[in-house]
Amino acid sequence: IDNVHPVHGDFFNRDEVSEVLKDATYVFHLISTTNPVTSHKDPLVDIDTNVRGSIMLFQECAKNKVKRVVFLSSGGTIYGDVDSQKISELVVPRPLSPYGIGKLTIEHYLNYFFHNYGTEYIVYRIANPYGPGQNIEGKQGVIPIFINQFLKNGSVKIYGDGSMRRDYIYIDDVIQMILRSYKLNDANGIYNLGSGNGKSINEVVDAIESCAGYSIRKEFSQAPINYVKNSVLDTTLFTERFGFKPLVPMEEGIQRTWNYVVSITKKE
């Protein structure tokens, strides 16, 4: 991409971080060293890396007079188990995993740095983004992971009975929502980014079956204790303020993701 110059470095090296922040106006913070599963194994890793690393980043942002930090938080884990069809930003977060606790802690530190140093921020609590480019062998991103499992083994591994509902949003929609809002005069806002529609794991598998053209064998196992049963985001605040709703239906997004996974697995 024109005028984009990748810099590879160590997030925990303060000098390297400070160097890339010189003359920066907006900083997008997307780094995470853990996910909900790995953070549960050792919560201290989340504190020592994600929380500590973020605080160091914000210190360097303040020192370099960065105008605004754009933080991609987690709409899927930050609220915890909420007895509600849709979760708005007004719900008091009660995360069940160290990963979600860490994300919420980082949000609070952003508020601290604004009040003490004037560094603006905007937080996007993102649901479950998916699409081409996602890691098909990772621990996050159930849609490409399921597609990969099916193509390799003819089956998918499901935690619980498949009734857990999630809010899935295609990655292009996430990008458009961020690009349309991060610069606007709305400092210190917190927004849910999602499709606003809940789908169960079983419905996701059904959509993948439609792409495959035949049935998928399901292997069920016990869900981890910190898994949230229902997480569907209310995106009314964002759509009313910025006038944009996600455009890609899940069936179309899964078809695009299917095509991507098939294309890269054929090369292996």
# chains A, B, ... in the order shown; residues from 1 in each chain; ligands from 1
>>> residues_around(residues="range 121-131 of chain A", least_positions_apart="4", cutoff="7 Å", atoms="only C-alpha atoms", output="PyMOL selection string")
chain A and resi 68-76+110+141+143+167-171+182+187-194+233+253+257
>>> closest_residue(among="A:Lys157, A:Lys245, A:Arg256, A:Lys22", to="Val205 in chain A", atoms="only C-alpha atoms")
A:Lys157
>>> select_by_dssp(residues="range 42-162 of chain A", states="strand (DSSP E or B)", output="list of chain:residue names")
A:Arg68, A:Val69, A:Val70, A:Phe71, A:Leu72, A:Ser73, A:Ser74, A:Ile87, A:Glu120, A:Tyr121, A:Ile122, A:Val123, A:Tyr124, A:Arg125, A:Ile126, A:Asn128, A:Pro129, A:Tyr130, A:Ser155, A:Val156, A:Lys157, A:Ile158, A:Tyr159
>>> atom_distance(atom1="CA of Asn202 in chain A", atom2="CA of Val156 in chain A")
10.7 Å
>>> decode(residues="range 24-119 of chain A", atoms="C-alpha atoms", output="compact mmCIF listing (two decimals), in the first residue's frame")
# COMPACT_ATOMS: atom_id res chain seq x y z
CA ALA A 24 2.32 10.46 15.21
CA THR A 25 -1.18 11.94 15.48
CA TYR A 26 -3.26 8.79 15.87
CA VAL A 27 -2.10 5.51 17.39
CA PHE A 28 -4.05 2.29 16.79
CA HIS A 29 -3.47 -0.21 19.56
CA LEU A 30 -4.30 -3.75 18.37
CA ILE A 31 -1.58 -5.79 20.08
CA SER A 32 -2.51 -8.69 22.34
CA THR A 33 -0.25 -11.49 23.52
CA THR A 34 -3.11 -13.65 24.82
CA ASN A 35 -6.65 -14.77 24.04
CA PRO A 36 -9.49 -15.84 26.37
CA VAL A 37 -8.23 -19.44 26.55
CA THR A 38 -4.52 -18.77 27.08
CA SER A 39 -5.15 -15.98 29.58
CA HIS A 40 -7.10 -18.40 31.76
CA LYS A 41 -4.05 -20.66 32.02
CA ASP A 42 -1.91 -17.90 33.55
CA PRO A 43 -3.54 -14.52 34.34
CA LEU A 44 -0.16 -13.03 35.28
CA VAL A 45 0.97 -13.25 31.65
CA ASP A 46 -1.91 -10.98 30.65
CA ILE A 47 -0.99 -8.46 33.34
CA ASP A 48 2.76 -8.59 32.66
CA THR A 49 2.41 -8.24 28.88
CA ASN A 50 -0.87 -6.69 27.74
CA VAL A 51 -1.62 -4.40 30.66
CA ARG A 52 1.96 -3.39 31.42
CA GLY A 53 2.82 -3.03 27.72
CA SER A 54 -0.22 -0.85 27.11
CA ILE A 55 0.62 1.46 30.00
CA MET A 56 4.14 1.89 28.64
CA LEU A 57 2.67 2.66 25.20
CA PHE A 58 0.36 5.31 26.67
CA GLN A 59 3.25 6.88 28.58
CA GLU A 60 5.18 7.20 25.34
CA CYS A 61 2.09 8.57 23.56
CA ALA A 62 1.77 11.26 26.23
CA LYS A 63 5.48 12.10 25.98
CA ASN A 64 5.29 12.37 22.18
CA LYS A 65 2.10 14.48 22.27
CA VAL A 66 -0.01 11.94 20.36
CA LYS A 67 -3.46 13.38 19.77
CA ARG A 68 -5.55 10.21 20.14
CA VAL A 69 -5.17 6.52 20.92
CA VAL A 70 -7.57 4.17 19.13
CA PHE A 71 -7.92 0.99 21.17
CA LEU A 72 -9.52 -2.20 19.89
CA SER A 73 -11.09 -3.77 22.95
CA SER A 74 -13.24 -6.90 23.19
CA GLY A 75 -17.02 -6.79 22.96
CA GLY A 76 -17.11 -10.56 23.17
CA THR A 77 -15.45 -10.90 26.59
CA ILE A 78 -15.57 -7.56 28.37
CA TYR A 79 -19.23 -7.71 29.47
CA GLY A 80 -19.28 -11.25 30.84
CA ASP A 81 -22.49 -13.28 31.00
CA VAL A 82 -25.31 -10.76 30.57
CA ASP A 83 -28.96 -11.77 30.79
CA SER A 84 -29.98 -9.63 27.85
CA GLN A 85 -30.77 -10.18 24.18
CA LYS A 86 -28.39 -7.38 23.20
CA ILE A 87 -25.66 -5.73 25.25
CA SER A 88 -25.29 -1.96 25.16
CA GLU A 89 -22.36 0.15 26.31
CA LEU A 90 -24.43 1.08 29.39
CA VAL A 91 -24.13 -2.45 30.78
CA VAL A 92 -21.63 -2.66 33.65
CA PRO A 93 -18.80 -4.91 32.41
CA ARG A 94 -18.18 -8.04 34.48
CA PRO A 95 -15.63 -10.01 32.44
CA LEU A 96 -15.17 -13.69 33.29
CA SER A 97 -11.72 -14.18 31.77
CA PRO A 98 -8.35 -12.53 32.52
CA TYR A 99 -8.35 -11.53 28.84
CA GLY A 100 -11.54 -9.49 29.28
CA ILE A 101 -10.37 -8.13 32.65
CA GLY A 102 -7.16 -6.98 30.98
CA LYS A 103 -9.03 -5.24 28.16
CA LEU A 104 -11.24 -3.41 30.66
CA THR A 105 -8.19 -2.42 32.71
CA ILE A 106 -6.55 -0.94 29.62
CA GLU A 107 -9.73 1.06 28.91
CA HIS A 108 -9.55 2.52 32.42
CA TYR A 109 -5.90 3.48 31.92
CA LEU A 110 -6.84 5.32 28.74
CA ASN A 111 -9.23 7.42 30.82
CA TYR A 112 -6.45 7.97 33.36
CA PHE A 113 -4.04 9.22 30.70
CA PHE A 114 -6.65 11.56 29.24
CA HIS A 115 -7.41 13.21 32.57
CA ASN A 116 -3.76 13.48 33.56
CA TYR A 117 -2.00 14.13 30.25
CA GLY A 118 -4.71 15.13 27.78
CA THR A 119 -4.22 12.13 25.47
